[in-house]
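Coordinates from protein_9.tsv are shown below (TSV, C-alpha atoms).
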```tsv
chain	number	residue	atom	x	y	z
O	296	MET	CA	4.18	1.75	80.28
O	297	GLU	CA	0.69	0.33	80.72
O	298	LYS	CA	0.38	-2.35	83.45
O	299	GLN	CA	-0.85	-5.00	81.00
O	300	GLU	CA	2.02	-4.19	78.63
O	301	LEU	CA	4.45	-4.59	81.55
O	302	ILE	CA	2.89	-7.95	82.52
O	303	ASP	CA	3.16	-9.24	78.95
O	304	GLN	CA	6.80	-8.17	78.70
O	305	VAL	CA	7.72	-9.74	82.05
O	306	ASN	CA	6.03	-13.00	81.05
O	307	GLU	CA	7.73	-13.04	77.68
O	308	VAL	CA	11.30	-12.54	78.93
O	309	LEU	CA	10.83	-15.06	81.76
O	310	ALA	CA	9.16	-17.68	79.54
O	311	GLU	CA	12.00	-17.43	77.04
O	312	GLU	CA	14.87	-17.43	79.54
O	313	PHE	CA	13.50	-20.29	81.66
O	314	GLU	CA	11.92	-22.21	78.79
O	315	VAL	CA	8.31	-22.38	80.03
O	316	GLU	CA	5.07	-21.62	78.20
O	317	VAL	CA	3.71	-18.10	78.77
O	318	SER	CA	0.39	-19.78	79.60
O	319	GLU	CA	2.02	-21.35	82.66
O	320	ILE	CA	2.74	-17.90	84.08
O	321	THR	CA	-0.39	-16.84	85.96
O	322	PRO	CA	-0.47	-13.91	88.45
O	323	ASP	CA	-0.98	-16.05	91.57
O	324	ALA	CA	1.48	-18.81	90.59
O	325	ASN	CA	4.67	-19.15	92.67
O	326	ILE	CA	7.66	-17.88	90.69
O	327	LYS	CA	10.26	-20.37	91.96
O	328	GLU	CA	7.99	-23.36	91.36
O	329	THR	CA	6.74	-22.25	87.95
O	330	LEU	CA	10.21	-21.41	86.62
O	331	GLN	CA	11.84	-24.23	88.67
O	332	LEU	CA	14.40	-21.86	90.14
O	333	ASP	CA	17.14	-23.01	92.48
O	334	SER	CA	19.55	-20.68	94.31
O	335	LEU	CA	21.73	-20.41	91.18
O	336	SER	CA	19.00	-19.70	88.61
O	337	LEU	CA	17.29	-17.30	91.04
O	338	VAL	CA	20.29	-15.00	90.42
O	339	ASP	CA	19.63	-15.20	86.67
O	340	MET	CA	16.00	-14.18	87.21
O	341	VAL	CA	16.92	-11.20	89.38
O	342	ALA	CA	19.66	-10.06	86.97
O	343	LEU	CA	17.30	-10.45	83.98
O	344	ILE	CA	14.51	-8.37	85.59
O	345	GLU	CA	17.00	-5.75	86.78
O	346	SER	CA	18.57	-5.31	83.33
O	347	THR	CA	15.32	-5.54	81.30
O	348	PHE	CA	13.40	-2.99	83.40
O	349	SER	CA	16.40	-1.10	84.90
O	350	VAL	CA	15.20	-1.58	88.44
O	351	LYS	CA	17.17	-2.79	91.48
O	352	ILE	CA	15.92	-5.71	93.60
O	353	GLN	CA	17.55	-5.66	97.05
O	354	ASN	CA	18.07	-9.01	98.75
O	355	SER	CA	15.82	-7.85	101.58
O	356	GLU	CA	12.98	-7.23	99.10
O	357	LEU	CA	13.28	-10.66	97.48
O	358	SER	CA	11.35	-12.48	100.21
O	359	SER	CA	8.29	-10.31	99.48
O	360	ILE	CA	8.31	-11.39	95.80
O	361	GLN	CA	6.77	-14.88	95.81
O	362	THR	CA	4.14	-14.76	93.05
O	363	PHE	CA	4.18	-13.19	89.60
O	364	ALA	CA	1.59	-10.63	90.82
O	365	ASN	CA	4.07	-9.54	93.51
O	366	LEU	CA	6.71	-9.16	90.79
O	367	TYR	CA	4.51	-7.09	88.48
O	368	ASP	CA	3.59	-4.75	91.37
O	369	PHE	CA	7.25	-4.48	92.47
O	370	ILE	CA	8.47	-3.50	88.98
O	371	ALA	CA	5.55	-1.14	88.34
O	372	ALA	CA	6.20	0.64	91.65
O	373	ARG	CA	9.95	0.98	90.96
O	374	MET	CA	9.46	2.13	87.39
O	375	SER	CA	7.06	4.91	88.28
O	376	LYS	CA	9.68	6.50	90.59
Z	282	MET	CA	47.90	-35.42	85.28
Z	283	LEU	CA	44.85	-36.56	87.10
Z	284	ILE	CA	44.19	-40.08	85.86
Z	285	ASP	CA	45.64	-42.85	88.03
Z	286	ASN	CA	46.22	-40.63	91.06
Z	287	TYR	CA	43.14	-38.38	91.50
Z	288	PHE	CA	40.61	-40.91	90.30
Z	289	LYS	CA	40.52	-44.31	88.68
Z	290	ILE	CA	38.22	-45.79	86.07
Z	291	ASN	CA	36.85	-49.09	87.43
Z	292	GLU	CA	34.67	-49.92	84.45
Z	293	PHE	CA	33.73	-48.36	81.15
Z	294	LYS	CA	30.99	-49.48	78.79
Z	295	GLU	CA	29.02	-48.17	75.86
Z	296	SER	CA	25.21	-48.42	76.05
Z	297	ASN	CA	23.45	-47.36	72.85
Z	298	SER	CA	25.02	-43.98	72.06
Z	299	ASP	CA	26.06	-43.15	75.65
Z	300	PHE	CA	29.33	-44.04	77.37
Z	301	VAL	CA	29.12	-44.91	81.06
Z	302	PHE	CA	32.17	-44.85	83.33
Z	303	ASN	CA	32.22	-46.22	86.87
Z	304	ILE	CA	34.93	-44.27	88.73
Z	305	SER	CA	36.39	-43.87	92.22
Z	306	LEU	CA	38.07	-40.83	93.71
Z	307	MET	CA	41.33	-41.39	95.58
Z	308	PRO	CA	41.09	-39.62	98.95
Z	309	GLN	CA	44.83	-39.49	99.58
Z	310	HIS	CA	45.48	-37.22	96.56
Z	311	ARG	CA	47.53	-34.19	97.64
Z	312	ILE	CA	45.00	-31.75	96.20
Z	313	TYR	CA	42.90	-32.33	99.33
Z	314	GLU	CA	45.70	-30.86	101.48
Z	315	GLY	CA	44.80	-27.48	99.99
Z	316	HIS	CA	41.13	-27.91	99.15
Z	317	PHE	CA	40.56	-27.44	101.96
Z	318	PRO	CA	42.89	-27.93	104.94
Z	319	GLY	CA	41.01	-30.29	107.29
Z	320	ASN	CA	37.92	-30.22	105.04
Z	321	PRO	CA	38.49	-32.35	101.91
Z	322	VAL	CA	36.18	-31.23	99.07
Z	323	SER	CA	36.62	-32.47	95.50
Z	324	PRO	CA	37.32	-29.36	93.39
Z	325	GLY	CA	34.70	-28.75	90.71
Z	326	VAL	CA	37.42	-28.22	88.12
Z	327	CYS	CA	38.82	-31.68	88.89
Z	328	SER	CA	35.42	-33.12	87.99
Z	329	ILE	CA	35.72	-31.25	84.68
Z	330	GLN	CA	39.21	-32.71	84.19
Z	331	MET	CA	37.84	-36.21	84.90
Z	332	MET	CA	35.22	-35.62	82.20
Z	333	ARG	CA	37.92	-34.57	79.74
Z	334	GLU	CA	40.02	-37.64	80.50
Z	335	CYS	CA	37.02	-39.93	80.01
Z	336	ILE	CA	36.32	-38.24	76.64
Z	337	GLU	CA	39.97	-38.93	75.76
Z	338	LYS	CA	39.34	-42.60	76.61
Z	339	ILE	CA	36.50	-42.60	74.03
Z	340	THR	CA	38.37	-40.80	71.25
Z	341	GLY	CA	41.80	-42.21	72.06
Z	342	LYS	CA	43.26	-38.74	71.47
Z	343	SER	CA	44.30	-35.77	73.63
Z	344	MET	CA	41.41	-33.31	73.79
Z	345	ILE	CA	41.00	-29.64	74.73
Z	346	ILE	CA	37.85	-28.02	76.14
Z	347	VAL	CA	37.20	-25.13	73.75
Z	348	SER	CA	33.84	-24.05	75.15
Z	349	ILE	CA	31.46	-24.76	77.99
Z	350	GLY	CA	27.87	-23.68	77.44
Z	351	LEU	CA	26.79	-24.59	80.96
Z	352	CYS	CA	28.37	-26.53	83.78
Z	353	ARG	CA	26.49	-26.73	87.09
Z	354	PHE	CA	27.90	-28.05	90.35
Z	355	VAL	CA	24.63	-29.22	91.82
Z	356	ASN	CA	25.90	-30.90	95.01
Z	357	VAL	CA	29.22	-30.68	96.82
Z	358	LEU	CA	31.34	-33.78	96.13
Z	359	THR	CA	33.71	-35.10	98.76
Z	360	PRO	CA	36.17	-38.00	98.37
Z	361	ASP	CA	34.24	-40.22	100.78
Z	362	LYS	CA	31.10	-39.83	98.63
Z	363	GLY	CA	33.16	-40.43	95.51
Z	364	GLN	CA	34.01	-44.13	95.83
Z	365	ASN	CA	31.37	-45.33	93.38
Z	366	LEU	CA	30.52	-42.59	90.89
Z	367	LEU	CA	28.83	-42.77	87.53
Z	368	LEU	CA	30.02	-40.49	84.75
Z	369	LYS	CA	27.63	-40.63	81.78
Z	370	ILE	CA	28.72	-39.06	78.49
Z	371	SER	CA	26.34	-38.45	75.58
Z	372	PRO	CA	28.69	-37.33	72.81
Z	373	VAL	CA	28.06	-35.99	69.32
Z	374	ILE	CA	31.28	-36.66	67.42
Z	375	GLU	CA	31.95	-34.68	64.21
Z	376	GLY	CA	35.45	-35.08	62.88
Z	377	ALA	CA	37.87	-33.61	65.43
Z	378	SER	CA	35.05	-32.09	67.53
Z	379	VAL	CA	33.08	-33.76	70.32
Z	380	LYS	CA	30.06	-31.91	71.69
Z	381	ALA	CA	28.94	-33.65	74.85
Z	382	ASN	CA	26.32	-33.64	77.58
Z	383	ILE	CA	27.88	-35.19	80.67
Z	384	VAL	CA	26.43	-36.04	84.09
Z	385	LEU	CA	28.48	-37.01	87.17
Z	386	SER	CA	26.30	-38.69	89.81
Z	387	ASP	CA	26.30	-41.39	92.46
Z	388	ASN	CA	25.94	-44.96	91.25
Z	389	SER	CA	22.14	-45.00	91.54
Z	390	GLU	CA	21.94	-41.72	89.58
Z	391	SER	CA	19.77	-40.31	92.38
Z	392	LEU	CA	22.36	-37.76	93.62
Z	393	VAL	CA	23.73	-35.58	90.81
Z	394	PHE	CA	27.02	-33.78	91.47
Z	395	VAL	CA	27.85	-32.10	88.13
Z	396	THR	CA	26.08	-31.51	84.82
Z	397	PHE	CA	28.16	-30.34	81.86
Z	398	LYS	CA	27.42	-29.20	78.30
Z	399	GLY	CA	30.43	-28.25	76.19
Z	400	GLU	CA	32.70	-28.88	73.24
Z	401	PHE	CA	36.06	-30.64	73.02
Z	402	ILE	CA	38.43	-30.70	70.07
Z	403	GLU	CA	41.46	-32.85	69.37
Z	404	LYS	CA	44.70	-31.27	70.45
B	250	MET	CA	43.36	-5.60	110.48
B	251	ASP	CA	44.95	-3.15	108.03
B	252	ILE	CA	43.23	-3.08	104.67
B	253	LYS	CA	45.58	-3.12	101.75
B	254	GLU	CA	45.19	-2.08	98.14
B	255	ILE	CA	47.25	-5.00	96.89
B	256	TYR	CA	47.52	-8.49	98.38
B	257	GLU	CA	50.29	-10.80	97.25
B	258	SER	CA	52.41	-13.73	98.33
B	259	GLU	CA	51.56	-14.53	101.97
B	260	ASP	CA	48.77	-11.94	102.20
B	261	ILE	CA	46.71	-13.76	99.57
B	262	ARG	CA	46.04	-16.44	102.18
B	263	LYS	CA	43.93	-13.93	104.12
B	264	LEU	CA	41.51	-13.65	101.17
B	265	LEU	CA	41.28	-17.33	100.22
B	266	ASN	CA	40.95	-20.67	101.99
B	267	GLN	CA	42.58	-22.69	99.22
B	268	ARG	CA	46.18	-23.70	99.97
B	269	ASP	CA	48.97	-25.39	97.98
B	270	PRO	CA	48.92	-27.23	95.69
B	271	ILE	CA	45.66	-25.61	94.50
B	272	LEU	CA	46.18	-21.93	95.46
B	273	MET	CA	45.80	-20.34	92.04
B	274	VAL	CA	46.04	-16.59	92.70
B	275	GLY	CA	49.38	-14.84	93.16
B	276	CYS	CA	48.38	-11.20	93.45
B	277	PHE	CA	45.05	-9.43	94.10
B	278	LYS	CA	44.16	-5.76	93.53
B	279	CYS	CA	40.79	-4.16	94.26
B	280	LEU	CA	39.81	-1.68	91.52
B	281	SER	CA	36.28	-0.70	92.57
B	282	ASP	CA	33.25	-2.03	94.40
B	283	VAL	CA	32.49	-4.35	91.48
B	284	GLU	CA	35.86	-4.88	89.80
B	285	CYS	CA	39.19	-6.42	90.76
B	286	GLU	CA	42.33	-7.64	89.05
B	287	THR	CA	44.48	-10.66	89.89
B	288	SER	CA	47.57	-12.28	88.48
B	289	LEU	CA	49.30	-15.67	88.60
B	290	LYS	CA	52.73	-16.68	87.31
B	291	ILE	CA	52.46	-20.29	86.09
B	292	ALA	CA	55.04	-22.42	87.90
B	293	GLU	CA	56.42	-25.59	86.39
B	294	ASP	CA	55.05	-27.73	89.22
B	295	ASN	CA	51.55	-26.29	88.96
B	296	VAL	CA	49.14	-29.20	89.54
B	297	PHE	CA	47.09	-28.18	86.46
B	298	CYS	CA	50.07	-28.23	84.05
B	299	ILE	CA	50.45	-31.02	81.53
B	300	SER	CA	53.66	-31.10	79.45
B	301	GLY	CA	54.40	-27.43	79.97
B	302	GLU	CA	50.89	-26.15	79.31
B	303	PHE	CA	48.43	-24.73	81.85
B	304	THR	CA	45.11	-26.49	81.23
B	305	GLU	CA	41.48	-25.35	81.11
B	306	PRO	CA	40.55	-26.63	84.60
B	307	GLY	CA	43.43	-24.55	85.95
B	308	LEU	CA	42.13	-21.44	84.16
B	309	ILE	CA	38.62	-21.98	85.52
B	310	GLU	CA	39.97	-22.51	89.06
B	311	HIS	CA	42.16	-19.39	88.75
B	312	ILE	CA	39.18	-17.28	87.63
B	313	ALA	CA	36.93	-18.72	90.36
B	314	GLN	CA	39.56	-18.08	93.05
B	315	SER	CA	40.05	-14.53	91.74
B	316	ALA	CA	36.36	-13.87	92.43
B	317	SER	CA	36.54	-15.73	95.74
B	318	ALA	CA	39.48	-13.51	96.76
B	319	PHE	CA	37.32	-10.46	95.94
B	320	VAL	CA	34.48	-11.79	98.13
B	321	GLY	CA	37.04	-12.51	100.86
B	322	TYR	CA	38.53	-9.01	100.50
B	323	LYS	CA	35.09	-7.41	100.96
B	324	ALA	CA	34.30	-9.66	103.92
B	325	ILE	CA	37.46	-8.80	105.85
B	326	SER	CA	37.56	-5.13	104.92
B	327	PHE	CA	33.90	-4.05	105.12
B	328	ASP	CA	32.13	-6.64	107.23
B	329	GLY	CA	35.11	-6.90	109.56
B	330	THR	CA	35.00	-10.68	109.63
B	331	GLU	CA	38.35	-12.18	110.53
B	332	LYS	CA	38.40	-15.12	108.14
B	333	ALA	CA	37.42	-15.10	104.47
B	334	PRO	CA	34.43	-17.39	103.75
B	335	VAL	CA	34.94	-20.60	101.76
B	336	GLY	CA	33.76	-20.16	98.16
B	337	TYR	CA	32.58	-22.99	95.88
B	338	ILE	CA	32.05	-22.78	92.12
B	339	GLY	CA	28.29	-23.13	91.61
B	340	GLU	CA	28.13	-22.68	87.87
B	341	VAL	CA	30.34	-21.99	84.84
B	342	LYS	CA	28.63	-20.49	81.79
B	343	LYS	CA	29.81	-19.36	78.33
B	344	PHE	CA	33.40	-20.42	78.95
B	345	LYS	CA	35.50	-19.75	75.85
B	346	LEU	CA	39.13	-20.84	75.52
B	347	GLY	CA	41.47	-18.62	73.53
B	348	PHE	CA	44.70	-20.61	73.95
B	349	LEU	CA	46.55	-22.60	76.61
B	350	PRO	CA	49.20	-20.53	78.44
B	351	LYS	CA	52.68	-21.95	78.99
B	352	VAL	CA	54.75	-22.48	82.13
B	353	GLY	CA	56.41	-19.13	82.93
B	354	ASP	CA	53.53	-17.05	81.51
B	355	THR	CA	51.82	-14.57	83.83
B	356	LEU	CA	48.02	-14.61	83.78
B	357	ARG	CA	46.25	-11.26	84.28
B	358	THR	CA	42.56	-11.56	85.15
B	359	THR	CA	39.76	-9.03	85.49
B	360	ILE	CA	36.66	-9.90	87.50
B	361	ARG	CA	33.42	-7.90	87.19
B	362	ILE	CA	30.65	-8.64	89.70
B	363	GLN	CA	27.22	-8.57	88.04
B	364	SER	CA	24.83	-9.53	90.81
B	365	VAL	CA	24.87	-10.75	94.40
B	366	VAL	CA	21.73	-12.59	95.53
B	367	MET	CA	21.71	-14.25	98.95
B	368	ASN	CA	24.94	-16.31	99.13
B	369	ILE	CA	25.49	-16.39	95.36
B	370	THR	CA	27.81	-13.98	93.51
B	371	MET	CA	27.49	-13.85	89.71
B	372	PHE	CA	30.44	-12.40	87.83
B	373	THR	CA	32.30	-12.37	84.53
B	374	GLY	CA	36.00	-13.18	84.28
B	375	GLU	CA	38.53	-12.51	81.52
B	376	THR	CA	42.11	-13.74	81.58
B	377	PHE	CA	44.95	-12.39	79.42
B	378	VAL	CA	48.60	-13.18	78.82
B	379	ASN	CA	50.41	-10.19	77.31
B	380	ASP	CA	47.08	-8.63	76.25
B	381	GLN	CA	46.00	-11.78	74.41
B	382	LEU	CA	42.68	-13.21	75.59
B	383	VAL	CA	43.31	-16.64	77.14
B	384	ALA	CA	39.81	-17.36	78.42
B	385	SER	CA	36.54	-15.71	79.34
B	386	CYS	CA	33.44	-16.92	81.15
B	387	GLN	CA	30.57	-16.09	83.44
B	388	MET	CA	30.43	-17.85	86.80
B	389	LYS	CA	28.44	-18.15	89.99
B	390	LEU	CA	30.22	-18.56	93.28
B	391	SER	CA	28.36	-19.85	96.33
B	392	ILE	CA	29.67	-18.98	99.76
```
Starting from the file, give its structure as C-alpha cells.
Amino acid sequence: MEKQELIDQVNEVLAEEFEVEVSEITPDANIKETLQLDSLSLVDMVALIESTFSVKIQNSELSSIQTFANLYDFIAARMSK
Amino acid sequence: MLIDNYFKINEFKESNSDFVFNISLMPQHRIYEGHFPGNPVSPGVCSIQMMRECIEKITGKSMIIVSIGLCRFVNVLTPDKGQNLLLKISPVIEGASVKANIVLSDNSESLVFVTFKGEFIEK
Amino acid sequence: MDIKEIYESEDIRKLLNQRDPILMVGCFKCLSDVECETSLKIAEDNVFCISGEFTEPGLIEHIAQSASAFVGYKAISFDGTEKAPVGYIGEVKKFKLGFLPKVGDTLRTTIRIQSVVMNITMFTGETFVNDQLVASCQMKLSI
C-alpha cells in the first residue's frame, strides 16, 4: 500500500470514529488533542488501528506515538514486515 | 429497591424539555459495606438505577432499560461527594419508549460523574 | 499461592474486592488468555432483585465483575501480586437486554478481552440463562 494511500485511510477511519473533519488531521498535530482522547477512548483508537491495519501496538510503543506522522510511520513499518 | 434508601430526590422540576432532579446519596446504605470494605465508592450501576427511577418519576410507570448506546463513568463518585447531585434528563418520549440523554453531575455542573445515552420501555 | 482452574464460593474473594451485598460472581473459570466464563445463581435477597426479577443494573454489575475477576486472576497467577486490584466500570457500550432473569435462575457469562491499553481493559460480555441470551455489551474496566 502506497504511503499516501495509507495516510488517507488512517485519516478517514479516525475522522469517522471520533467525529472530526479530515482537514483537522495534519501530520504534526497531536493525536490525543485533535481527537480529544481520554484514557477510555484511547483504547478505542488503538483497537481501531489494530483491527483496520492488522498491526499490534504494544503499550510500551504507545508513548512514541504522539503525532499523526508518528502513527503513519508506525503502521507503515509494521505493515511492511 | 434503591429509591428512599440508596438516594433521595430532594427536588424535581421541568425546564423546557429537560427534567432536572436534585438528589442526595445516603452514605449509610449497606451497599457500601461491600463496595468497597473501608473504601465507600458509589457503584456505577447504582447511578444507572437512579437514572431509571428518575425516568419512572417522569413517566409514572415502571420502566426497563432495553439498550444503552453509551454510558461513561467519567469521575469516581463517592457518597460524601454525592450530597447535592444534579441529574439532568433530556428525554424523547414516543409511546411506551423513552430515549434519553442523561447527565449526573455535581450541583454546579462543573464535575460530571456519569453520562448516559439509552432507551427505556414501559414494563 | 496455588493457581486454580476454577474459583468458587470463598475462593472468588481472592479475585474480586467487592463483598456482600454486591458480590455478583459465584464461580469463575479461566478458558484462555483472552476468555473466561463465570456463573451466578440469583438469590432471593439479591440487592438488584425487584419483585422476583434480577434487574439490568445487576446484569451490568455481574458482567463487569466477571471481567474484573479475570483481571484479578491474571494478576495473582502471572504477576504474582497477592491482592487483586480494584476494578471500576469506565464505560458501558452497546448494552442490549434480552430478558430479565428470575430469582433461582443461574446466569452463565462469557467474557472476551479485546484490548488492554495502560490500565484500561476493553472486553465484550454475553450472559445466558439456559442458552437464552439475557444480555450482551462491550465494556471498559479501569484498574
If you take all atoms listed in the file and a cut-off of 10 Å, which residues of chain Z touch chain B, and what are their nearest atom pairs and distances in Å to one decimal, in chain and number order, as a Markdown table?
```
| residue | atom | partner | partner_atom | distance |
| --- | --- | --- | --- | --- |
| Z:Met282 | CA | B:Ile299 | CA | 6.3 |
| Z:Leu283 | CA | B:Phe297 | CA | 8.7 |
| Z:Arg311 | CA | B:Pro270 | CA | 7.4 |
| Z:Ile312 | CA | B:Pro270 | CA | 6.0 |
| Z:Tyr313 | CA | B:Pro270 | CA | 8.7 |
| Z:Glu314 | CA | B:Asp269 | CA | 7.3 |
| Z:Gly315 | CA | B:Arg268 | CA | 4.0 |
| Z:His316 | CA | B:Gln267 | CA | 5.4 |
| Z:Phe317 | CA | B:Gln267 | CA | 5.8 |
| Z:Pro318 | CA | B:Arg268 | CA | 7.3 |
| Z:Val322 | CA | B:Tyr337 | CA | 9.5 |
| Z:Pro324 | CA | B:Tyr337 | CA | 8.3 |
| Z:Gly325 | CA | B:Ile338 | CA | 6.7 |
| Z:Val326 | CA | B:Pro306 | CA | 5.0 |
| Z:Cys327 | CA | B:Pro306 | CA | 6.8 |
| Z:Ser328 | CA | B:Pro306 | CA | 8.9 |
| Z:Ile329 | CA | B:Pro306 | CA | 6.7 |
| Z:Gln330 | CA | B:Pro306 | CA | 6.2 |
| Z:Met331 | CA | B:Pro306 | CA | 10.0 |
| Z:Arg333 | CA | B:Pro306 | CA | 9.7 |
| Z:Ile345 | CA | B:Glu305 | CA | 7.7 |
| Z:Ile346 | CA | B:Glu305 | CA | 6.7 |
| Z:Val347 | CA | B:Leu346 | CA | 5.0 |
| Z:Ser348 | CA | B:Lys345 | CA | 4.7 |
| Z:Ile349 | CA | B:Phe344 | CA | 4.8 |
| Z:Gly350 | CA | B:Lys343 | CA | 4.8 |
| Z:Leu351 | CA | B:Lys342 | CA | 4.6 |
| Z:Cys352 | CA | B:Val341 | CA | 5.1 |
| Z:Arg353 | CA | B:Glu340 | CA | 4.4 |
| Z:Phe354 | CA | B:Gly339 | CA | 5.1 |
| Z:Val355 | CA | B:Gly339 | CA | 7.1 |
| Z:Asn356 | CA | B:Gly339 | CA | 8.8 |
| Z:Val357 | CA | B:Tyr337 | CA | 8.4 |
| Z:Val395 | CA | B:Glu340 | CA | 9.4 |
| Z:Thr396 | CA | B:Glu340 | CA | 9.6 |
| Z:Phe397 | CA | B:Val341 | CA | 9.1 |
| Z:Lys398 | CA | B:Lys342 | CA | 9.5 |
| Z:Gly399 | CA | B:Phe344 | CA | 8.8 |
| Z:Glu400 | CA | B:Lys345 | CA | 9.9 |
```
Pick out the chain O residues within 12 Å of chain Z. Count all atoms listed in the file. Give them as an MDAnalysis selection string. chainID O and resid 333:336
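Between chain O and the candidates B:Met367, B:Ala316, B:Ala292, B:Cys285, the tightest atom-to-atom separation, counting only C-alpha atoms, involves B:Met367.
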Show me, as a list of chain:residue names, the residues of chain O whose atoms get within 8 Å of chain B, using all atoms listed in the file for the distance check.
O:Ser334, O:Leu335, O:Leu337, O:Val338, O:Val341, O:Ala342, O:Asn354
- Task: Just give me the gap between CA of Asp368 (chain O) and CA of Glu311 (chain O) in Å, one decimal is fine.
- Result: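 Distance between the two atoms: 20.9 Å.
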*asked:* Applying 7 Å and only C-alpha atoms, which residues near region 361-378 of chain Z remain after dropping the ones on its own chain fewer than 4 positions away? List them as a list in words.
replied: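 Surrounding residues, per the criterion: Ser298, Asp299, Phe300, Val301, Phe302, Asn303, Ile304, Ser305, Leu306, Asn382, Ile383, Val384, Leu385, Ser386, Asp387, Asn388, Glu400, Phe401, Ile402 and Glu403 of chain Z.
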query = In Å, with one decimal, what is the gap from CA of Met296 (chain O) to CA of Ile352 (chain O)?
reply =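 Here the two named atoms are 19.3 Å from each other.
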Who sits within 12 Å of Ile255 (chain B), only C-alpha atoms, same chain under 2 positions skipped, as a VMD selection string: chain B and resid 251 to 253 257 to 261 263 to 264 275 to 280 285 to 288 318 to 319 322
